[in-house]
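Asker: First the structure, then my questions, so here it is.
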Amino acid sequence: MRLSRENAGVSQRYIEVVTGVAHSEISKVEKGSQDCRLDSLVRFCAALGVSTGYVLDQVVAANPLYYAARIKHDPRFQDLVSDHPGMAAMLTFNLAVIAAFAAHLIRCHRPTERAETIDYPDEGLRLVFVKYAKQVEGLSGPADKLRLLEAWKERPVDTLSRFGFLEMNLVLKVLAALTSGNVGGKSELRDAVLDAMKIRRDIPVWMPFVPKALFDTGADNQAENNLTNVSESVNELGVKPKLPTLLDRLKKATSQRGKKSELAKFLDVSLVQVSQWLSGDREPGGETTLRMLHWVGQQERQK
């Protein structure tokens with residue numbers, strides 16, 4: 001809502017006058033400290049000239065931790081990584097993020113438009129997602145969408161393969177080559193597997209969107225949470241161990257004037273908190289670590 005308002009070039013006071021919604025409520029909604037009432041959402045969108053569906057497309061997200069739990073315990077996936085446990089965490093989390101975004105597109109008002117606005121780590125992945133989004137838009141009705149959503153929830157590994165997000169045969173060939181000694185080492189294996197997943201090699205975790213609700217257990221993710229008790233934490237899925245390397249990358253990325261403030265604004269935290277994380281005085285949580293990974297990846301790609 002804040003971004004839509006700023007793009008329109010109007011103030012919170014203007015929105016208050018036009019909509020009749022109190023300034024305090026507008027401020028809290030934009031900060032994320034208060035849920036937006038349906039009536040207020042309709043009024044905000046009318047005042048800004050944007051559709052409610054567009055706004056919801058930006059904020060309603062599926063929880064990747066749910067899909068990580070399903071993928072981790074999928075017999076096909078377990079067979080895939082049984083001889084290579086070191087690959088499990090990286091594969092699990094990247095595949096879970098892709099599955100979560102694919103499920104998110106099913107819920108979107110305009111899935112193709114949403115898919116085309118995302119910053120992808122690889123052109124191949126962008127093409128696969130746009131093609132998939134068009135297929136979602138072509139579904140005949142809610143029943144078909146629910147069936148597809150159920151496929152992602154119950155059989156994420158098969159569904160990833162079905163829509164071309166994972167070249168399973170190529171991954172199997174790579175792992176077979178490693179077993180026979182025909183792949184040089186771990187880094188070569190990692191690169192080959194990432195290629196098969198259509199993920200650029202220099203990005204450890206691709207995050208298509210990082211709203212604060214991503215790891216919440218609230219209403220937006222209720223459907224996923226009702227199906228399983230997600231016990232896997234971000235740390236268990238291999239993200240927190242990346243922290244030392246991440247901090248080095250962040251220090252380089254924030255060395256220029258104003259970059260620390262930019263990072264603080266992106267994370268929606270104080271500049272003091274950012275300084276404490278960068279100095280090692282405090283350790284960020286799992287969600288913040290993921291958001292930092294996303295931000296520093298964007299900064300590095302812009303160079």
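Letters A, B, ... mark the chains of the structure tokens in the order given; residue numbers begin at 1 per chain; ligand numbers begin at 1, in order shown.
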Just the residues within 10 Å of Val29 (chain A), please, counting only C-alpha atoms, with nothing from its chain fewer than 5 positions along; format it as a list in words.

Answerer: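 Everything that qualifies: Met1, Arg2, His23, Ser24, Gln34, Asp35, Cys36, Arg37, Ser40 and Leu41 of chain A.
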
Asker: Kindly export the residues of the current selection with N, CA and C atoms, as a JSON list (two decimals), in the first residue's frame.

Answerer:
[["chain", "number", "residue", "atom", "x", "y", "z"],
["A", 1, "MET", "N", 0.83, -1.20, 0.00],
["A", 1, "MET", "CA", 0.00, 0.00, 0.00],
["A", 1, "MET", "C", 0.87, 1.26, 0.00],
["A", 2, "ARG", "N", 1.96, 1.21, 0.80],
["A", 2, "ARG", "CA", 2.85, 2.37, 0.83],
["A", 2, "ARG", "C", 3.46, 2.63, -0.54],
["A", 23, "HIS", "N", -5.99, 8.65, 9.82],
["A", 23, "HIS", "CA", -4.56, 8.69, 9.50],
["A", 23, "HIS", "C", -3.79, 7.65, 10.29],
["A", 24, "SER", "N", -4.16, 7.45, 11.55],
["A", 24, "SER", "CA", -3.45, 6.47, 12.39],
["A", 24, "SER", "C", -3.57, 5.06, 11.83],
["A", 34, "GLN", "N", -0.60, -3.29, 11.74],
["A", 34, "GLN", "CA", -2.03, -3.55, 11.87],
["A", 34, "GLN", "C", -2.54, -4.19, 10.58],
["A", 35, "ASP", "N", -3.37, -5.21, 10.70],
["A", 35, "ASP", "CA", -3.98, -5.82, 9.51],
["A", 35, "ASP", "C", -4.93, -4.82, 8.86],
["A", 36, "CYS", "N", -5.03, -4.91, 7.55],
["A", 36, "CYS", "CA", -5.88, -3.99, 6.81],
["A", 36, "CYS", "C", -7.31, -4.54, 6.74],
["A", 37, "ARG", "N", -8.27, -3.75, 7.18],
["A", 37, "ARG", "CA", -9.67, -4.16, 7.08],
["A", 37, "ARG", "C", -10.10, -4.17, 5.62],
["A", 40, "SER", "N", -11.34, -0.87, 4.38],
["A", 40, "SER", "CA", -10.26, 0.10, 4.18],
["A", 40, "SER", "C", -9.48, -0.22, 2.91],
["A", 41, "LEU", "N", -9.24, -1.51, 2.66],
["A", 41, "LEU", "CA", -8.51, -1.91, 1.45],
["A", 41, "LEU", "C", -9.23, -1.42, 0.19]]

Asker: Kindly indicate which residue among A:Arg282, A:Arg162, A:Lys153, A:Arg257 lies nearest to Tyr66 (chain A), using only C-alpha atoms for the distances.

Answerer: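 Nearest to Tyr66 (chain A): A:Lys153.
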
Asker: Provide the CA of Arg249 (chain A) to CA of Phe93 (chain A) distance in Å, to one decimal place.

Answerer: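 Interatomic distance, CA of Arg249 (chain A) to CA of Phe93 (chain A): 20.7 Å.
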
Asker: Could you check the closest approach to Ser275 (chain A) for each of A:Thr254, A:Gln78, A:Ser140, A:Thr289 and tell me which residue wins, using only C-alpha atoms?

Answerer: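 For Ser275 (chain A), the nearest of the candidates is A:Thr254.
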
Asker: Closest to Glu6 (chain A) among A:His73, A:Leu48, A:Thr159, A:Val21, using only C-alpha atoms?

Answerer: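 Counting only C-alpha atoms, the residue closest to Glu6 (chain A) is A:Leu48.
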
Asker: Could you jot down the CA of Lys251 (chain A) to CA of Leu278 (chain A) separation for me, Å, one decimal place?

Answerer: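 Computing the Euclidean distance for CA of Lys251 (chain A) and CA of Leu278 (chain A) yields 6.7 Å.
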
Asker: Extract, using only C-alpha atoms, all DNA, RNA and protein residues at most 10 Å from Asp57 (chain A), discarding same-chain residues fewer than 3 positions from it, and format them as a PyMOL selection string.

Answerer: chain A and resi 52-54+60-61+104-105+107-111+113-114

Asker: Quick one: of A:Arg291, A:Lys145, A:Arg155, A:Lys134, who's nearest to Arg76 (chain A), counting only C-alpha atoms?

Answerer: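 When distances to Arg76 (chain A) are compared using only C-alpha atoms, the smallest one comes from A:Arg155.
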
Asker: Rank A:Ile15, A:Asp268, A:Ala89, A:Ala133 by their smallest atom-to-atom distance to Gly32 (chain A), using only C-alpha atoms, and report the top residue only.

Answerer: A:Asp268

Asker: For CA of Val18 (chain A) and CA of Ser33 (chain A), quote the distance in Å rounded to one decimal.

Answerer: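 CA of Val18 (chain A) sits 22.3 Å away from CA of Ser33 (chain A).
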
Asker: Which residues come within 10 Å of Gln299 (chain A), counting only C-alpha atoms, excluding same-chain residues fewer than 4 positions away, as a CSV table (one decimal) with C-alpha atoms, in the first residue's frame?

Answerer:
chain,number,residue,atom,x,y,z
A,249,ARG,CA,29.0,-9.8,1.3
A,250,LEU,CA,26.8,-7.4,3.2
A,253,ALA,CA,27.5,-4.1,-0.4
A,254,THR,CA,27.0,-1.5,2.4
A,259,LYS,CA,23.6,1.6,1.6
A,294,HIS,CA,17.7,-11.4,-1.2
A,295,TRP,CA,18.8,-7.8,-0.8
A,303,LYS,CA,27.0,-4.0,-10.4

Asker: Excluding Thr19 (chain A) and its own-chain neighbours fewer than 5 positions away, which residues fall within 8 Å of it when counting only C-alpha atoms? Please give them as number ranges by chain.

Answerer: A: 40, 43-44, 47

Asker: Take the selection from the previous step and output its residues with N, CA and C atoms, as a PDB file, in the first residue's frame.

Answerer:
ATOM      1  N   SER A  40     -11.345  -0.870   4.383  1.00  0.00           N
ATOM      2  CA  SER A  40     -10.255   0.099   4.180  1.00  0.00           C
ATOM      3  C   SER A  40      -9.478  -0.218   2.908  1.00  0.00           C
ATOM      4  N   ARG A  43     -11.310   1.042  -0.088  1.00  0.00           N
ATOM      5  CA  ARG A  43     -11.239   2.512  -0.151  1.00  0.00           C
ATOM      6  C   ARG A  43      -9.850   2.983  -0.594  1.00  0.00           C
ATOM      7  N   PHE A  44      -8.804   2.360  -0.028  1.00  0.00           N
ATOM      8  CA  PHE A  44      -7.432   2.731  -0.408  1.00  0.00           C
ATOM      9  C   PHE A  44      -7.225   2.542  -1.905  1.00  0.00           C
ATOM     10  N   ALA A  47      -8.962   5.048  -4.068  1.00  0.00           N
ATOM     11  CA  ALA A  47      -8.309   6.361  -4.026  1.00  0.00           C
ATOM     12  C   ALA A  47      -7.033   6.386  -4.847  1.00  0.00           C
TER      13      ALA A  47
END
